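Below is one structure, written out as structure tokens; comments come after it.
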Amino acid sequence: MDSEEYSKSLEEKFHQYKIGVSINRSNPEIEVNHEHLIELAKKLKKDESYEILMDVIAVDFLTYGDVDWKTNDATNTGYSRAVKPTIIPEIDETFVERFAVFYQLLSVSNNQRLTLKVFASESNPPSVPSLVDIWSSADWFEREAFDLMGIYFIGHPDLRRVLLPEGFAGHPLRKDYVYEIHEEEW
């Protein structure tokens, strides 16, 4: 079965979850609402034999589609940047389809890969149900996404920073993170 046929069969099998199925570089990609994520993930593992969760990727779509770098003006210090100024949301602002989490799944028995895409909740902090109870490999991946992007994984047994120190303020991979330069003497 080729990727298109497999994608159509997935769409038919899981239509009750109101999923969107597309092909991404010859691999199916399923977009699901975060309310149905756990149910669908369990079915994918049990019925479709996706035994392995290979990676969890968090994406910030804050400026997705904006053309910050397209310009015709150049100066002696380089091209002008930020043709459209980036708008940084307030702390209590909701996030409409700003943060997404991509789960990379592998079925060894079927030799098939699948990407499961879910947008985080619109609340602050953005949140997604944890998949640690389905794939234990999600543990550190979800902690990394929490640490660097600030996505809260509901039901995660040990959601704390894994790469940055506990006192670190903010989440440095967010597009609205403000970097401060601290000069230290050696």
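Ordered as shown in the structure tokens, chains take letters A, B, and onward, while each chain numbers its residues from 1 and ligands are numbered from 1 in the order shown.
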If you count only C-alpha atoms, which residues fall within 9 Å of Ser109 (chain A), apart from same-chain ones fewer than 6 positions away, as a PDB file with all heavy atoms, in the first residue's frame?
```
ATOM      1  N   SER A  49      -0.113  -0.683  15.074  1.00  0.00           N
ATOM      2  CA  SER A  49       1.219  -1.191  15.452  1.00  0.00           C
ATOM      3  C   SER A  49       2.321  -0.135  15.423  1.00  0.00           C
ATOM      4  O   SER A  49       3.451  -0.422  15.021  1.00  0.00           O
ATOM      5  CB  SER A  49       1.624  -2.367  14.557  1.00  0.00           C
ATOM      6  OG  SER A  49       0.683  -3.394  14.658  1.00  0.00           O
ATOM      7  N   TYR A  50       2.017   1.084  15.867  1.00  0.00           N
ATOM      8  CA  TYR A  50       3.073   2.087  16.005  1.00  0.00           C
ATOM      9  C   TYR A  50       3.706   1.892  17.382  1.00  0.00           C
ATOM     10  O   TYR A  50       3.292   2.471  18.372  1.00  0.00           O
ATOM     11  CB  TYR A  50       2.526   3.504  15.815  1.00  0.00           C
ATOM     12  CG  TYR A  50       2.298   3.806  14.358  1.00  0.00           C
ATOM     13  CD1 TYR A  50       1.039   3.696  13.787  1.00  0.00           C
ATOM     14  CD2 TYR A  50       3.366   4.152  13.544  1.00  0.00           C
ATOM     15  CE1 TYR A  50       0.844   3.942  12.441  1.00  0.00           C
ATOM     16  CE2 TYR A  50       3.176   4.393  12.193  1.00  0.00           C
ATOM     17  CZ  TYR A  50       1.922   4.289  11.648  1.00  0.00           C
ATOM     18  OH  TYR A  50       1.742   4.522  10.315  1.00  0.00           O
ATOM     19  N   GLU A  51       4.712   1.022  17.410  1.00  0.00           N
ATOM     20  CA  GLU A  51       5.324   0.602  18.664  1.00  0.00           C
ATOM     21  C   GLU A  51       6.274   1.644  19.239  1.00  0.00           C
ATOM     22  O   GLU A  51       6.518   1.670  20.444  1.00  0.00           O
ATOM     23  CB  GLU A  51       6.138  -0.692  18.463  1.00  0.00           C
ATOM     24  CG  GLU A  51       5.382  -1.827  17.834  1.00  0.00           C
ATOM     25  CD  GLU A  51       5.608  -1.944  16.319  1.00  0.00           C
ATOM     26  OE1 GLU A  51       6.278  -1.079  15.719  1.00  0.00           O
ATOM     27  OE2 GLU A  51       5.080  -2.902  15.743  1.00  0.00           O
TER      28      GLU A  51
END
```
For region 95-105 of chain A, find every residue with an atom within 7 Å (counting only C-alpha atoms), except residues of its own chain fewer than 4 positions away, and show them as number ranges by chain. A: 50, 52-62, 113-120, 122-123
Can I get the selected residues back with N, CA and C atoms, as a short mmCIF file (atom, residue, chain, number, x, y, z; two decimals), in the first residue's frame?
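part_22.cif written:
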```cif
data_model
loop_
_atom_site.label_atom_id
_atom_site.label_comp_id
_atom_site.auth_asym_id
_atom_site.auth_seq_id
_atom_site.Cartn_x
_atom_site.Cartn_y
_atom_site.Cartn_z
N TYR A 50 2.02 1.08 15.87
CA TYR A 50 3.07 2.09 16.01
C TYR A 50 3.71 1.89 17.38
N ILE A 52 6.84 2.48 18.39
CA ILE A 52 7.92 3.36 18.82
C ILE A 52 7.57 4.84 18.60
N LEU A 53 7.74 5.62 19.65
CA LEU A 53 7.70 7.08 19.54
C LEU A 53 9.15 7.52 19.42
N MET A 54 9.52 8.03 18.24
CA MET A 54 10.92 8.37 17.98
C MET A 54 11.30 9.77 18.44
N ASP A 55 10.34 10.71 18.38
CA ASP A 55 10.68 12.08 18.72
C ASP A 55 9.42 12.88 18.99
N VAL A 56 9.56 13.92 19.79
CA VAL A 56 8.50 14.90 20.03
C VAL A 56 9.10 16.26 19.71
N ILE A 57 8.44 16.99 18.83
CA ILE A 57 8.96 18.27 18.37
C ILE A 57 7.92 19.35 18.67
N ALA A 58 8.35 20.42 19.30
CA ALA A 58 7.47 21.55 19.58
C ALA A 58 7.81 22.68 18.62
N VAL A 59 6.78 23.33 18.06
CA VAL A 59 6.97 24.39 17.08
C VAL A 59 6.18 25.62 17.51
N ASP A 60 6.81 26.78 17.39
CA ASP A 60 6.16 28.06 17.67
C ASP A 60 5.84 28.72 16.33
N PHE A 61 4.55 28.85 16.03
CA PHE A 61 4.10 29.44 14.76
C PHE A 61 3.80 30.93 14.89
N LEU A 62 4.44 31.63 15.82
CA LEU A 62 4.13 33.04 16.07
C LEU A 62 4.20 33.88 14.80
N ARG A 113 6.21 5.01 8.85
CA ARG A 113 6.36 6.17 9.73
C ARG A 113 5.09 7.00 9.67
N LEU A 114 4.85 7.74 10.75
CA LEU A 114 3.66 8.59 10.83
C LEU A 114 3.99 9.79 11.70
N THR A 115 3.50 10.94 11.30
CA THR A 115 3.62 12.15 12.12
C THR A 115 2.24 12.48 12.67
N LEU A 116 2.18 12.64 13.97
CA LEU A 116 0.94 13.02 14.64
C LEU A 116 1.10 14.47 15.09
N LYS A 117 0.23 15.35 14.59
CA LYS A 117 0.33 16.78 14.87
C LYS A 117 -0.86 17.23 15.71
N VAL A 118 -0.56 17.99 16.76
CA VAL A 118 -1.62 18.51 17.60
C VAL A 118 -1.27 19.95 18.00
N PHE A 119 -2.24 20.85 17.88
CA PHE A 119 -2.03 22.21 18.35
C PHE A 119 -2.33 22.25 19.84
N ALA A 120 -1.52 22.99 20.57
CA ALA A 120 -1.71 23.13 22.01
C ALA A 120 -2.96 23.95 22.29
N GLU A 122 -5.36 26.92 23.70
CA GLU A 122 -5.22 28.36 23.51
C GLU A 122 -4.92 29.09 24.82
N SER A 123 -4.99 28.38 25.93
CA SER A 123 -4.76 29.00 27.23
C SER A 123 -3.28 29.25 27.46
#
```
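The smallest atom-to-atom distance between Tyr64 (chain A) and any of A:Asp2, A:Ile38, A:Lys175, A:Met149, using only C-alpha atoms, is found for A:Lys175.
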